[in-house]
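S.K.: Before we start, here is the structure in question, set down as structure tokens.
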Number of protein chains: 2
Amino acid sequence: MFESAEIGHSIDKETYEAAVSELREALLDAQFELKQQARFPVLILINGIEGAGKGETVKLLNEWMDPRLIQVESFLLPTDEELSRPPQWRYWRRLPPKGKTGIFFGNWYSQVLVNRALGSMKLSELEQAVDEVARTEKMLSDEGALILKFWFHLSKKQLKKRLKELRDDPQRSWQINVLDWQQAKVYDKIVSSAELVLRRTNRDYAPWYVIEGVDPRYRSLSVGRILLESLQAALKVDNGREVNPHAAPLTSSLDNRGLLDSLDLSLSLSKDAYKKQLADEQMRLNRLVRDKRFRRHALMAVFEGNDAAGKGGAIRRVTGALDPRQYHIVPIAAPTEEERAQPYLWRFWRYAPGRRQFTIFDRSWYGRVLVERVEGFCSEADWMRAYSEINDFEEQLHNHGVVVVKFWLSIDKETQYQRFKEREQVPFKRYKITEEDWRNRDKWDQYVDAVGDMVDRTSTVVAPWTLVEANDKRYARVKVLRTINDALEAAFARD
Amino acid sequence: MFESAEIGHSIDKETYEAAVSELREALLDAQFELKQQARFPVLILINGIEGAGKGETVKLLNEWMDPRLIQVESFLLPTDEELSRPPQWRYWRRLPPKGKTGIFFGNWYSQVLVNRALGSMKLSELEQAVDEVARTEKMLSDEGALILKFWFHLSKKQLKKRLKELRDDPQRSWQINVLDWQQAKVYDKIVSSAELVLRRTNRDYAPWYVIEGVDPRYRSLSVGRILLESLQAALKVDNGREVNPHAAPLTSSLDNRGLLDSLDLSLSLSKDAYKKQLADEQMRLNRLVRDKRFRRHALMAVFEGNDAAGKGGAIRRVTGALDPRQYHIVPIAAPTEEERAQPYLWRFWRYAPGRRQFTIFDRSWYGRVLVERVEGFCSEADWMRAYSEINDFEEQLHNHGVVVVKFWLSIDKETQYQRFKEREQVPFKRYKITEEDWRNRDKWDQYVDAVGDMVDRTSTVVAPWTLVEANDKRYARVKVLRTINDALEAAFARD
């Protein structure tokens, strides 16, 4: 969920300054239009790791926009009057009216995350609180509110580095407060609760945006752009029909660096190392699926990736370790007539493995947020809601003991070109390459965006994505096998 | 929540037979149209008290309609194959395809209700299960499914009577099974869990219909009519735009007997009895709000009722018991400009009482499902979703210790006429009667329906409605005061 926000995004000063002046003007225009229409309020929720730039961003938004149309509300300790009433009262009384923007700096999320991290809230209480929040946000959205939720993120390493820098600088060391140090200690707890909270409350009508907080320019411009695009979309009146406003996802990162760009595609294995490691991992897998602890589990492996990234070869190396009765491969192509007559996830649910079974999906339910999104095979509303539906689906599998592993096999454009050409020239590989493959290649950048959004929104503790550097097939195959084995062992260890 | 289903609805044979032949034809037409459009599936969930006619109704629907287009699925003990997979798998595999109707006889609700009643499920687990169900139903609805949920109801008395009849009849005593007896024993537990479950999952896209199960004719015709109306609404294609199908609420009971008709409006108090009881109850209220246990609570009283039903007089008798600093009256008229710029419930939230405070609402948030519904001041979607939003609101108040009491003061049409006339004749009462009152009176029947739906959907354990027989003002005033006092004492006892 936080993958894309840990890769060190940054923007140079020149680019930033050129972008900002344009952005500010457009934001002011949108703000004015919002006031004129007075049709809905905007609610911005600010959350995240301490030190990731929450306060600075709020300050900046006030500088950039007309502060008379923005109300910043911070919710620290409740007042006596607030304590005397139901907890939601303090938020209700400070909701922005139609035409205005409210920035809730500290809000219903902050409280539960802190309580959970400090151990004063049980998991079941957290889940109930989150469901209550989700109902409230649904209601606010039904009442017309445009809701944007930002999570300002730092990796653990980034947080520690920042704290160290501050401590070593006598002029700035006063900026560190006790809370910062506490947060560093409970970082893992906060992030794992945050992951659950974001996953459960990331709905199409109130999406989360995870912003990497290290570089101030990147951070500020990202928030500004998301806010602007969401405002403009919501202010549009569609053929006289007012659209229920909801935000569009960010389509590409500002510095043109996505998650996939952060991979080191030069990783490779020598032939000898490959032979040895492949044999080791295959033996390990064979042992694990025959382990009696596997009786309480099942395994589901999802293979997605660029065309010609080597999914088939990787799958064969996995199944090569096993008896054919031990696994089941489900290749996903266009849905059958029977499948089209059912809800989207039905075609995948039907193949859910029983205990002790291993199902391999060659392409999967992620088609909805990849090919269907890029090709426009379904509406934006459909693929937007798919992220949370998929998370629910995988959580149900996980809760039943199914180990879910998901691979994106990544190659660069040049490698794909060479493999396509090779396929065209080798007679027995020719069937593998079609006109469609070349067409898909033209949409390379759109797929990069879609993959980034997919991983950010569906890589969870219960079902994480593994990005596989696949320019070198040997390296990719071993990484896939090793990941499956590690996931199984981790699941056994948790029992 | 079950009020309307305990008043002894029934339909005579002649009316029934005349209605059925027409209904069957229309149902077959709708079914055929559903198949032709093949645009969405219909999912009917059957739940309720044992012996309330669930099985008979399913059988009848199969007789009335084309059984080739209906699949009845019953979910008793899961098979080995099902146990081996996540719990939802068994439901997914039997979902009806587009164009067909699936009747789930036993379903995700049955399991949790039984487990909860038998004590093997904690309240927090129940709440989590319910939230998961709500997410699944939202997803199915987003995928196009028309979802209808029926709760077949018997009051405890009706259930016991039925069991006794069966037991005493040697030819039918075999029909009672162990489960029936068990249910009679755990009736209160089942009904209180069911109340929570229905409240949480009663959403506009998947509404619950509570059906009184005593009279087979009433029961069958009600289900048939609801199914027909929902189907027809969902099959309608609105100006070429397919509407996301969801069911409309039933607008009136089949036997023209609503909850309000079941009131005995002849109830009255003599002047002497009134004086004595009023003084007693006022003294009791005065004592209760000064009780130190009230420090942990607050009190919120809602007054709704027919025009001229005596709300003002009743409120004065309540406040007459108190020091003016102890209460606050909020008269609800048209919203102010500031209030119109906020979500609907904002204007009520702002007056939420702090601890030890008592707020009286003269008309309330129920305006949305009364006058706004009847007069068309808001869209159907808006007032439909209001029921569950209101339940959420009142539950938040309750969880904070606020005692919520709600009164509907009911008079008959004749009494209202006399009071209107009297108001016109008495100079100092003339300001109380306007043209609008006479206009509202023309919509008497629509208000009867709206009040019935309101009570059925929002009378909950945490915030029950009290219907007050108000033809006799003295009787009404004492009942109001006594209800408030009882509610306070019950809350203190629970502490």
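A note on labels: chains of the structure tokens are A, B, ... as shown, every chain counts residues from 1, and ligands are counted from 1 in their shown order.
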Compute the chain A side of the contact with chain B at 6 Å, counting only C-alpha atoms, and hand it back as number ranges by chain.

M.R.: A: 84-86, 97-98, 143, 341-343, 354-355, 397, 400

S.K.: Selection from above, N, CA, C and O atoms, as a PDB file, in the first residue's frame, can you write it?

M.R.:
```pdb
ATOM      1  N   SER A  84     -18.452  15.906  26.428  1.00  0.00           N
ATOM      2  CA  SER A  84     -19.779  15.723  26.988  1.00  0.00           C
ATOM      3  C   SER A  84     -20.772  15.169  25.961  1.00  0.00           C
ATOM      4  O   SER A  84     -21.873  14.794  26.312  1.00  0.00           O
ATOM      5  N   ARG A  85     -20.345  15.143  24.704  1.00  0.00           N
ATOM      6  CA  ARG A  85     -21.250  14.702  23.639  1.00  0.00           C
ATOM      7  C   ARG A  85     -20.683  13.502  22.888  1.00  0.00           C
ATOM      8  O   ARG A  85     -19.512  13.166  23.066  1.00  0.00           O
ATOM      9  N   PRO A  86     -21.487  12.866  22.045  1.00  0.00           N
ATOM     10  CA  PRO A  86     -20.953  11.725  21.282  1.00  0.00           C
ATOM     11  C   PRO A  86     -19.719  12.144  20.487  1.00  0.00           C
ATOM     12  O   PRO A  86     -19.651  13.292  20.020  1.00  0.00           O
ATOM     13  N   PRO A  97     -19.272  24.337   5.028  1.00  0.00           N
ATOM     14  CA  PRO A  97     -20.539  24.430   4.283  1.00  0.00           C
ATOM     15  C   PRO A  97     -20.297  24.321   2.775  1.00  0.00           C
ATOM     16  O   PRO A  97     -19.156  24.412   2.318  1.00  0.00           O
ATOM     17  N   LYS A  98     -21.379  24.145   2.045  1.00  0.00           N
ATOM     18  CA  LYS A  98     -21.283  24.076   0.584  1.00  0.00           C
ATOM     19  C   LYS A  98     -20.530  25.284   0.041  1.00  0.00           C
ATOM     20  O   LYS A  98     -20.755  26.407   0.498  1.00  0.00           O
ATOM     21  N   GLU A 143     -24.483  13.089   0.579  1.00  0.00           N
ATOM     22  CA  GLU A 143     -24.991  14.453   0.766  1.00  0.00           C
ATOM     23  C   GLU A 143     -24.257  15.440  -0.140  1.00  0.00           C
ATOM     24  O   GLU A 143     -24.500  16.637  -0.081  1.00  0.00           O
ATOM     25  N   ALA A 341     -22.572 -13.616 -17.302  1.00  0.00           N
ATOM     26  CA  ALA A 341     -23.888 -13.468 -16.664  1.00  0.00           C
ATOM     27  C   ALA A 341     -23.779 -13.361 -15.143  1.00  0.00           C
ATOM     28  O   ALA A 341     -24.781 -13.383 -14.445  1.00  0.00           O
ATOM     29  N   GLN A 342     -22.563 -13.275 -14.634  1.00  0.00           N
ATOM     30  CA  GLN A 342     -22.361 -13.252 -13.185  1.00  0.00           C
ATOM     31  C   GLN A 342     -21.568 -12.002 -12.766  1.00  0.00           C
ATOM     32  O   GLN A 342     -20.953 -11.357 -13.603  1.00  0.00           O
ATOM     33  N   PRO A 343     -21.565 -11.699 -11.470  1.00  0.00           N
ATOM     34  CA  PRO A 343     -20.715 -10.596 -11.004  1.00  0.00           C
ATOM     35  C   PRO A 343     -19.252 -10.850 -11.365  1.00  0.00           C
ATOM     36  O   PRO A 343     -18.827 -12.006 -11.481  1.00  0.00           O
ATOM     37  N   GLY A 354      -9.468 -25.441  -2.469  1.00  0.00           N
ATOM     38  CA  GLY A 354      -9.804 -26.045  -1.187  1.00  0.00           C
ATOM     39  C   GLY A 354      -8.528 -26.235  -0.392  1.00  0.00           C
ATOM     40  O   GLY A 354      -7.418 -26.024  -0.898  1.00  0.00           O
ATOM     41  N   ARG A 355      -8.648 -26.641   0.857  1.00  0.00           N
ATOM     42  CA  ARG A 355      -7.460 -26.851   1.691  1.00  0.00           C
ATOM     43  C   ARG A 355      -6.501 -27.827   1.017  1.00  0.00           C
ATOM     44  O   ARG A 355      -6.910 -28.756   0.374  1.00  0.00           O
ATOM     45  N   LEU A 397     -10.068 -14.774   1.533  1.00  0.00           N
ATOM     46  CA  LEU A 397      -9.207 -15.936   1.278  1.00  0.00           C
ATOM     47  C   LEU A 397      -8.194 -16.084   2.405  1.00  0.00           C
ATOM     48  O   LEU A 397      -8.027 -17.158   2.992  1.00  0.00           O
ATOM     49  N   HIS A 400      -9.251 -17.419   5.666  1.00  0.00           N
ATOM     50  CA  HIS A 400      -9.530 -18.861   5.667  1.00  0.00           C
ATOM     51  C   HIS A 400      -8.239 -19.675   5.592  1.00  0.00           C
ATOM     52  O   HIS A 400      -8.276 -20.886   5.511  1.00  0.00           O
TER      53      HIS A 400
END
```

S.K.: Might you pull out every residue within 9 Å of Val58 of chain A, with only C-alpha atoms counted and same-chain residues fewer than 6 positions away left off, and present them as a PDB file with C-alpha atoms, in the first residue's frame?

M.R.:
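Written file, out-v6.pdb:
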```pdb
ATOM      1  CA  ILE A  46      -4.726  15.043   6.481  1.00  0.00           C
ATOM      2  CA  VAL A  72      -8.455  24.575   8.751  1.00  0.00           C
ATOM      3  CA  ILE A 103      -9.064  20.836   5.997  1.00  0.00           C
ATOM      4  CA  PHE A 105      -5.797  18.224  10.255  1.00  0.00           C
TER       5      PHE A 105
END
```

S.K.: Compile the contact shell of segment 285-288 of chain B as a ChimeraX atom specification: residues with an atom at most 6 Å away, counting only C-alpha atoms, same-chain residues fewer than 4 positions apart removed.

M.R.: /B:321-322,485

S.K.: Kindly give the distance, in Å, that separates atom CA of Trp108 of chain B and atom CA of Ser74 of chain B, rounded to a single decimal.

M.R.: 11.1 Å

S.K.: Of the candidates A:Ala450, A:Ile411, A:Ala134, A:Ile44, which one gets nearest to Ser266 of chain A if we count only C-alpha atoms?

M.R.: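 Ranking A:Ala450, A:Ile411, A:Ala134, A:Ile44 by distance to Ser266 of chain A, first place goes to A:Ile411.
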
S.K.: For Gly313 of chain A, please output as a list in words all residues within 12 Å (counting only C-alpha atoms; exclusion window: fewer than 6 positions along the same chain).

M.R.: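 Listing them by chain and then by number gives Phe303, Thr319, Gly320, Asp362, Leu409, Ala470, Asp472, Lys473, Arg474, Tyr475, Ala476, Arg477, Val478, Val480 and Leu481 of chain A.
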
S.K.: Write out, as a compact mmCIF listing (two decimals), in the first residue's frame, the residues just selected, with N, CA and C atoms.

M.R.:
```txt
# COMPACT_ATOMS: atom_id res chain seq x y z
N PHE A 303 -0.18 -14.63 -11.50
CA PHE A 303 0.89 -14.15 -12.39
C PHE A 303 0.36 -13.09 -13.34
N THR A 319 5.57 -25.38 -11.37
CA THR A 319 4.87 -26.66 -11.44
C THR A 319 5.86 -27.80 -11.64
N GLY A 320 7.03 -27.49 -12.18
CA GLY A 320 8.05 -28.52 -12.36
C GLY A 320 8.44 -29.19 -11.06
N ASP A 362 -2.93 -17.69 -14.38
CA ASP A 362 -2.13 -17.07 -15.43
C ASP A 362 -2.97 -15.90 -15.95
N LEU A 409 5.58 -9.52 -13.31
CA LEU A 409 6.86 -9.73 -13.98
C LEU A 409 7.14 -8.54 -14.89
N ALA A 470 12.42 -8.99 -14.44
CA ALA A 470 12.34 -10.17 -15.31
C ALA A 470 13.08 -10.01 -16.63
N ASP A 472 16.07 -10.68 -16.91
CA ASP A 472 16.79 -11.95 -16.88
C ASP A 472 15.83 -13.04 -16.40
N LYS A 473 15.50 -13.95 -17.31
CA LYS A 473 14.50 -14.96 -16.97
C LYS A 473 14.92 -15.83 -15.80
N ARG A 474 16.22 -16.12 -15.74
CA ARG A 474 16.68 -16.99 -14.66
C ARG A 474 16.47 -16.34 -13.31
N TYR A 475 16.84 -15.07 -13.25
CA TYR A 475 16.66 -14.36 -11.98
C TYR A 475 15.19 -14.36 -11.58
N ALA A 476 14.32 -14.08 -12.56
CA ALA A 476 12.88 -13.98 -12.29
C ALA A 476 12.32 -15.30 -11.76
N ARG A 477 12.71 -16.38 -12.40
CA ARG A 477 12.14 -17.69 -12.02
C ARG A 477 12.50 -18.05 -10.59
N VAL A 478 13.76 -17.83 -10.25
CA VAL A 478 14.19 -18.16 -8.89
C VAL A 478 13.50 -17.26 -7.87
N VAL A 480 10.58 -15.90 -8.08
CA VAL A 480 9.18 -16.33 -7.94
C VAL A 480 9.09 -17.53 -7.00
N LEU A 481 9.91 -18.53 -7.26
CA LEU A 481 9.86 -19.73 -6.42
C LEU A 481 10.20 -19.40 -4.96
```

S.K.: In Å to one decimal, how far is atom CA of Glu469 of chain A from atom CA of Arg219 of chain A?

M.R.: 27.7 Å

S.K.: Contacts of segment 434-446 of chain A at 10 Å or less, counting only C-alpha atoms, minus same-chain residues fewer than 6 places along, as a compact mmCIF listing (two decimals) with all heavy atoms, in the first residue's frame?

M.R.:
```
# COMPACT_ATOMS: atom_id res chain seq x y z
N THR A 251 -3.18 9.89 -12.21
CA THR A 251 -2.85 8.99 -13.30
C THR A 251 -1.35 8.77 -13.49
O THR A 251 -0.94 7.77 -14.04
CB THR A 251 -3.46 9.47 -14.62
OG1 THR A 251 -3.17 10.85 -14.75
CG2 THR A 251 -4.95 9.25 -14.60
N SER A 252 -0.53 9.71 -13.09
CA SER A 252 0.90 9.42 -13.19
C SER A 252 1.67 10.27 -12.18
O SER A 252 1.21 11.33 -11.79
CB SER A 252 1.42 9.70 -14.60
OG SER A 252 1.17 11.03 -14.94
N ASN A 306 4.19 -7.81 -18.01
CA ASN A 306 4.19 -7.34 -19.40
C ASN A 306 4.07 -8.53 -20.35
O ASN A 306 4.45 -9.65 -20.00
CB ASN A 306 5.52 -6.64 -19.71
CG ASN A 306 5.79 -5.46 -18.81
OD1 ASN A 306 6.65 -5.51 -17.94
ND2 ASN A 306 5.05 -4.39 -19.03
N ASP A 307 3.57 -8.28 -21.55
CA ASP A 307 3.60 -9.32 -22.57
C ASP A 307 5.05 -9.72 -22.79
O ASP A 307 5.94 -8.87 -22.82
CB ASP A 307 3.00 -8.80 -23.90
CG ASP A 307 1.49 -8.63 -23.80
OD1 ASP A 307 0.85 -9.42 -23.09
OD2 ASP A 307 0.97 -7.69 -24.43
N ALA A 308 5.29 -11.04 -22.93
CA ALA A 308 6.63 -11.58 -23.16
C ALA A 308 7.56 -11.42 -21.96
O ALA A 308 8.78 -11.48 -22.11
CB ALA A 308 7.28 -10.96 -24.41
N LEU A 370 -6.35 -3.47 -15.04
CA LEU A 370 -5.27 -3.36 -16.02
C LEU A 370 -5.88 -3.19 -17.41
O LEU A 370 -6.23 -2.10 -17.80
CB LEU A 370 -4.36 -4.60 -15.94
CG LEU A 370 -3.58 -4.76 -14.62
CD1 LEU A 370 -2.90 -6.12 -14.54
CD2 LEU A 370 -2.54 -3.65 -14.49
N VAL A 371 -6.09 -4.32 -18.10
CA VAL A 371 -6.56 -4.23 -19.49
C VAL A 371 -7.93 -3.56 -19.60
O VAL A 371 -8.16 -2.72 -20.47
CB VAL A 371 -6.55 -5.62 -20.18
CG1 VAL A 371 -7.39 -6.61 -19.44
CG2 VAL A 371 -7.02 -5.51 -21.63
N ARG A 373 -9.30 -1.37 -17.64
CA ARG A 373 -9.15 0.06 -17.40
C ARG A 373 -8.53 0.75 -18.61
O ARG A 373 -9.05 1.74 -19.12
CB ARG A 373 -8.27 0.28 -16.16
CG ARG A 373 -7.74 1.69 -16.05
CD ARG A 373 -6.85 1.89 -14.82
NE ARG A 373 -6.18 3.18 -14.92
CZ ARG A 373 -5.44 3.72 -13.95
NH1 ARG A 373 -5.28 3.08 -12.80
NH2 ARG A 373 -4.84 4.88 -14.11
N VAL A 374 -7.40 0.18 -19.09
CA VAL A 374 -6.67 0.84 -20.17
C VAL A 374 -7.48 0.85 -21.47
O VAL A 374 -7.52 1.85 -22.18
CB VAL A 374 -5.29 0.17 -20.37
CG1 VAL A 374 -4.60 0.72 -21.61
CG2 VAL A 374 -4.42 0.38 -19.14
N GLU A 375 -8.14 -0.26 -21.75
CA GLU A 375 -8.88 -0.37 -23.01
C GLU A 375 -10.30 0.21 -22.91
O GLU A 375 -11.04 0.23 -23.89
CB GLU A 375 -8.98 -1.84 -23.44
CG GLU A 375 -7.64 -2.51 -23.69
CD GLU A 375 -6.93 -1.98 -24.95
OE1 GLU A 375 -7.61 -1.38 -25.80
OE2 GLU A 375 -5.70 -2.14 -25.02
N ASP A 412 11.76 -4.26 -19.49
CA ASP A 412 11.73 -2.94 -20.09
C ASP A 412 11.29 -3.03 -21.54
O ASP A 412 11.17 -4.11 -22.11
CB ASP A 412 13.07 -2.21 -19.91
CG ASP A 412 14.22 -2.97 -20.52
OD1 ASP A 412 14.00 -3.68 -21.53
OD2 ASP A 412 15.34 -2.89 -19.98
N LYS A 413 11.06 -1.88 -22.14
CA LYS A 413 10.45 -1.83 -23.46
C LYS A 413 11.38 -2.46 -24.52
O LYS A 413 10.92 -3.14 -25.42
CB LYS A 413 10.17 -0.36 -23.81
CG LYS A 413 8.84 -0.16 -24.48
CD LYS A 413 8.46 1.30 -24.61
CE LYS A 413 7.34 1.45 -25.64
NZ LYS A 413 6.90 2.83 -25.84
N GLN A 416 11.30 -6.21 -24.35
CA GLN A 416 10.07 -6.71 -24.95
C GLN A 416 10.19 -6.72 -26.48
O GLN A 416 9.80 -7.69 -27.13
CB GLN A 416 8.88 -5.86 -24.52
CG GLN A 416 7.55 -6.46 -24.98
CD GLN A 416 6.36 -5.58 -24.67
OE1 GLN A 416 6.31 -4.41 -25.06
NE2 GLN A 416 5.40 -6.13 -23.96
N TYR A 417 10.76 -5.64 -27.04
CA TYR A 417 10.91 -5.55 -28.49
C TYR A 417 11.73 -6.72 -29.03
O TYR A 417 11.34 -7.40 -29.97
CB TYR A 417 11.57 -4.22 -28.86
CG TYR A 417 11.72 -4.00 -30.33
CD1 TYR A 417 10.62 -3.58 -31.09
CD2 TYR A 417 12.94 -4.23 -30.98
CE1 TYR A 417 10.75 -3.39 -32.46
CE2 TYR A 417 13.07 -4.05 -32.35
CZ TYR A 417 11.96 -3.62 -33.08
OH TYR A 417 12.08 -3.44 -34.45
N PHE A 420 9.70 -9.94 -28.82
CA PHE A 420 8.67 -9.99 -29.87
C PHE A 420 9.30 -10.39 -31.20
O PHE A 420 8.81 -11.26 -31.92
CB PHE A 420 8.00 -8.62 -30.02
CG PHE A 420 6.90 -8.33 -29.03
CD1 PHE A 420 6.70 -9.15 -27.91
CD2 PHE A 420 6.05 -7.25 -29.21
CE1 PHE A 420 5.68 -8.87 -27.01
CE2 PHE A 420 5.03 -6.97 -28.32
CZ PHE A 420 4.85 -7.78 -27.21
N ARG A 423 10.27 -13.96 -31.31
CA ARG A 423 9.10 -14.81 -31.46
C ARG A 423 8.65 -14.87 -32.92
O ARG A 423 8.20 -15.91 -33.40
CB ARG A 423 7.94 -14.29 -30.60
CG ARG A 423 8.13 -14.60 -29.13
CD ARG A 423 6.99 -14.09 -28.29
NE ARG A 423 7.19 -14.51 -26.91
CZ ARG A 423 6.30 -14.31 -25.92
NH1 ARG A 423 5.16 -13.70 -26.19
NH2 ARG A 423 6.55 -14.73 -24.72
N GLU A 424 8.74 -13.74 -33.60
CA GLU A 424 8.31 -13.74 -34.99
C GLU A 424 9.23 -14.59 -35.86
O GLU A 424 8.81 -15.10 -36.88
CB GLU A 424 8.29 -12.29 -35.53
CG GLU A 424 7.11 -11.50 -34.99
CD GLU A 424 7.00 -10.10 -35.60
OE1 GLU A 424 8.04 -9.54 -36.00
OE2 GLU A 424 5.87 -9.59 -35.67
N GLY A 452 1.07 0.82 -11.39
CA GLY A 452 1.42 1.57 -10.19
C GLY A 452 0.22 1.72 -9.26
O GLY A 452 0.30 1.42 -8.07
```

S.K.: Rounded to one decimal, what separation in Å do you get between atom CA of Tyr274 of chain A and atom CA of Arg317 of chain A?

M.R.: 11.7 Å

S.K.: Skip Val214 of chain A itself and residues of its chain fewer than 6 positions away, then list as a CSV table (one decimal) with C-alpha atoms, in the first residue's frame all residues within 12 Å of it, counting only C-alpha atoms.

M.R.:
```
chain,number,residue,atom,x,y,z
A,5,ALA,CA,5.8,6.3,-1.5
A,6,GLU,CA,9.1,4.9,-0.5
A,7,ILE,CA,11.1,5.1,-3.7
A,8,GLY,CA,12.5,8.7,-3.3
A,9,HIS,CA,10.4,10.9,-5.5
A,10,SER,CA,11.7,14.3,-6.1
A,11,ILE,CA,11.3,17.3,-8.3
A,49,ILE,CA,3.6,9.8,9.7
A,50,GLU,CA,5.0,12.6,11.9
A,51,GLY,CA,7.5,14.7,10.0
A,52,ALA,CA,6.2,13.8,6.6
A,53,GLY,CA,5.1,17.3,5.9
A,54,LYS,CA,1.5,17.4,7.0
A,56,GLU,CA,3.8,22.3,5.9
A,152,PHE,CA,1.8,11.5,4.1
A,153,HIS,CA,4.3,8.8,4.2
A,154,LEU,CA,7.9,8.2,5.2
A,155,SER,CA,9.6,4.8,5.2
A,156,LYS,CA,11.1,3.7,8.5
A,157,LYS,CA,14.6,4.5,7.1
A,158,GLN,CA,13.5,7.9,5.9
A,159,LEU,CA,11.9,8.7,9.3
A,160,LYS,CA,15.1,7.7,11.2
A,161,LYS,CA,17.3,9.6,8.9
A,162,ARG,CA,15.2,12.7,9.3
A,220,SER,CA,3.4,19.9,-2.4
```

S.K.: Here is a test: counting only C-alpha atoms, which residue of B:Val403, B:Val114, B:Met65, B:Leu126 is nearest to Ser21 of chain B?

M.R.: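 Once distances to Ser21 of chain B are computed over only C-alpha atoms, the minimum belongs to B:Met65.
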